[in-house]
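Before any comments, here is the structure.
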Amino acid sequence: MITMHRILLTSSQRSLRSSRPKVAATATATATATTTPTHAASLSTAALVHDDNDANRFSIRGKFRTGRASYLDMSSTTPLDPRVLDKMMPYFTLLGCYMRARKSSFSRDQTVIDATLSCSIVYALNILSRFNIPFAARCSLTHAFANFHSSRSNVQIGSYGNPHSRTHSYGWESESTVEDARAQVASLIKASPKEIIFTSGATESNNLSIKGAAHFYGGEGKGKKHVITTQTEHKCVLDSCRSLEQEGYEVTYLPVQSSTGLVDMEQLENAMREDTFLVSIMAVNNEIGTRQPIEEIGALCRKKKILFHTDAAQMLGKLPIDVNAMSIDLMSLSSHKIYGPKGIGALYIRRRPRVRLEPLFSGGGQERGLRSGTLPHTLCAGFGAACELAEKEMEIDDAWIRYLSDKLCSGIEARIPMVTRNGHPELRYPGCVNYSFAYVEGESLLMALKNVAVSSGSACTSASLEPSYVLRALGVDDELAHGSLRFGIGRFTSEAEVDFLLDLLEDHVGRLRDMSPLWEMVQEGIDLKTIQWSQDAHH
């Protein structure tokens, strides 16, 4: 699959090497330009639409590659690592995928059994169906084969029990899977497994941290009613704080430094009050990649005896985390940002000194009574495997992502004039790159970049036409914020994809600017700030 993807990418890249079609001097030249042969599984040449004046106009028709788009939106979500899927498959069905069956040594006349044990139950039943065996018999045979091989290899198959069932081996096996995953998550952030509770993702973890702490420490008669956060937090943090305001709590939304997005430590300290019980500041911003000074913030909160919560969804597995060295009390984590499955996350809750929370909902009291509900041990296994891989390969991933990030940034700045990089130039996660393209409308550029999956901001606010509130908090004006794109680079991003993106950006940014009268005025040296617009003259 990876090889085919690279073939498609290379083909598309070759197709894009030619520059944008120029206005032809004659009809013959135009006809020649339109008869360029196309490559299989690649972009066809631009369709040239002739108007009455025989001028060439761009058409989006025929500009799409026949394969999947190149994926450069890793800040939104990451693909599931095949090694993570391998760890998860034994828990999906009665038999599971059972990849490790390949290690067994069967004789040649047991080929059917070997194939059955190496594949998922659906595939296994498919194979047996070719021998005209009734369905019920096929199920029995498959189950029998699995039990036989399980006894030979010591690996559990069909671990589908409820992890909270304590009366039989199915529950014990699933519980063991959950606890192994808990230990893997804890190891990545240098915590104790007892300090990890599983949730459905970082959004739930953020809600539980903020609302749970508020209801415990700021409940009736307790007097703690003040929260501090920043204007550039994830939407779920900001909305949780607004929810608390409706309950009578006070929230201070700190501004961030222009262009960099960093928190001003002096402003943070000045905002702290006697009734402040929580500071919530994200570790790495999901739109601009700025890394906050977590160590300094944690030390200040510890000194003031205020709880410190951080949303580390964009930092986990990408940059080193030590919850003790950083003095973190609460930390939200997400699986699908580190090549794990969607639908699972975790919340780190410090035990010494102990942090107390009120649960958001009632139920069976699972996860230390803080998060009721049956745990999806399959997803837990995937999350744990993803954390284990991230811990082992962090340095390798970091080196590769930094290389591609530098290549992308230097390419954009060298090939496209009047661009602005948003975020801190040094204190940042290199895999999250955000650029503003002057005199280009972001949505138009996105429409032109259909062969590359990128975004104009956070996936959680992508349905809104409003300019990014994060960029506005950095002091970026609305026009420039509308012309901004976020590029996400990750473990599986290839160098060819970055080259492909650079070619497309240079081509389409130039084309869109050629259509802008403002760009033409700037090229002529006119300062747009000095222009008296007609609508302004009437006010």
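Within each chain, counting starts at residue 1; across the structure tokens, chains are named A, B, ... in the order shown, with ligands numbered 1 upward in that order.
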- request: Identify all residues of stretch 357-520 of chain A in strand (DSSP E) (DSSP on the backbone) and supply them as number ranges by chain.
  value: A: 419-421, 432-437, 452-453, 484-488
Take the selection from the previous step and output its residues with N, CA and C atoms, as a compact mmCIF listing (two decimals), in the first residue's frame.
# COMPACT_ATOMS: atom_id res chain seq x y z
N VAL A 419 4.71 35.76 2.68
CA VAL A 419 4.10 34.76 3.55
C VAL A 419 4.58 35.01 4.97
N THR A 420 3.76 34.63 5.94
CA THR A 420 4.08 34.83 7.35
C THR A 420 3.89 33.53 8.09
N ARG A 421 4.91 33.12 8.82
CA ARG A 421 4.76 31.92 9.64
C ARG A 421 4.19 32.32 11.00
N CYS A 432 3.78 20.82 13.35
CA CYS A 432 2.61 21.69 13.15
C CYS A 432 3.10 23.01 12.55
N VAL A 433 2.80 23.23 11.28
CA VAL A 433 3.30 24.40 10.56
C VAL A 433 2.10 25.22 10.08
N ASN A 434 2.09 26.51 10.43
CA ASN A 434 0.97 27.38 10.06
C ASN A 434 1.51 28.61 9.33
N TYR A 435 1.01 28.83 8.11
CA TYR A 435 1.44 29.97 7.31
C TYR A 435 0.24 30.79 6.86
N SER A 436 0.44 32.11 6.83
CA SER A 436 -0.55 33.02 6.25
C SER A 436 -0.03 33.50 4.90
N PHE A 437 -0.88 33.40 3.88
CA PHE A 437 -0.52 33.81 2.53
C PHE A 437 -1.27 35.11 2.22
N VAL A 452 -4.16 17.47 -1.83
CA VAL A 452 -3.42 17.42 -0.57
C VAL A 452 -4.40 17.70 0.56
N ALA A 453 -4.39 16.86 1.58
CA ALA A 453 -5.27 17.06 2.73
C ALA A 453 -4.59 17.97 3.73
N SER A 484 -4.83 31.69 5.81
CA SER A 484 -3.87 30.86 6.55
C SER A 484 -4.19 29.38 6.37
N LEU A 485 -3.13 28.58 6.33
CA LEU A 485 -3.27 27.13 6.25
C LEU A 485 -2.38 26.47 7.29
N ARG A 486 -2.86 25.33 7.80
CA ARG A 486 -2.07 24.54 8.74
C ARG A 486 -1.65 23.25 8.06
N PHE A 487 -0.36 22.94 8.17
CA PHE A 487 0.19 21.71 7.59
C PHE A 487 0.68 20.82 8.73
N GLY A 488 0.25 19.56 8.72
CA GLY A 488 0.64 18.61 9.76
C GLY A 488 1.55 17.52 9.21
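Note that atom CA of A:Pro359 and atom CA of A:Arg371 are 6.4 Å apart.
Computed from the coordinates, the atom CA of A:Ala283 to atom CA of A:Ala313 distance equals 8.1 Å.
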task: In Å, rounded to a single decimal, give me how far atom CA of A:Glu367 is from atom CA of A:Phe198.
output: 7.2 Å
message: Set the distance at 7 Å and use only C-alpha atoms: which residues neighbour stretch 183-188 of chain A once local chain neighbours fewer than 6 positions away are removed? I'd like the list as number ranges by chain.
response: A: 196, 384, 387-388, 391
Just the selected residues (N, CA, C and O atoms), exported as a compact mmCIF listing (two decimals), in the first residue's frame, please.
# COMPACT_ATOMS: atom_id res chain seq x y z
N ILE A 196 -3.39 7.09 36.11
CA ILE A 196 -3.98 7.16 34.77
C ILE A 196 -5.40 6.61 34.80
O ILE A 196 -5.63 5.49 35.27
N GLY A 384 -2.25 1.87 24.43
CA GLY A 384 -1.02 1.46 25.11
C GLY A 384 0.09 1.12 24.14
O GLY A 384 1.25 1.51 24.33
N CYS A 387 1.53 4.28 22.66
CA CYS A 387 2.41 4.96 23.62
C CYS A 387 3.76 4.25 23.72
O CYS A 387 4.81 4.90 23.80
N GLU A 388 3.74 2.92 23.71
CA GLU A 388 4.99 2.16 23.78
C GLU A 388 5.85 2.44 22.55
O GLU A 388 7.07 2.65 22.67
N GLU A 391 7.32 5.99 22.74
CA GLU A 391 8.44 6.09 23.67
C GLU A 391 9.73 5.55 23.06
O GLU A 391 10.80 6.12 23.24
- request: List the neighbours of A:Arg273 out to 10 Å using only C-alpha atoms; skip same-chain residues closer than 6 positions along the sequence, and give me the result as JSON, numbers by chain.
  value: {"A": [224, 225, 226, 227, 228, 304, 306]}
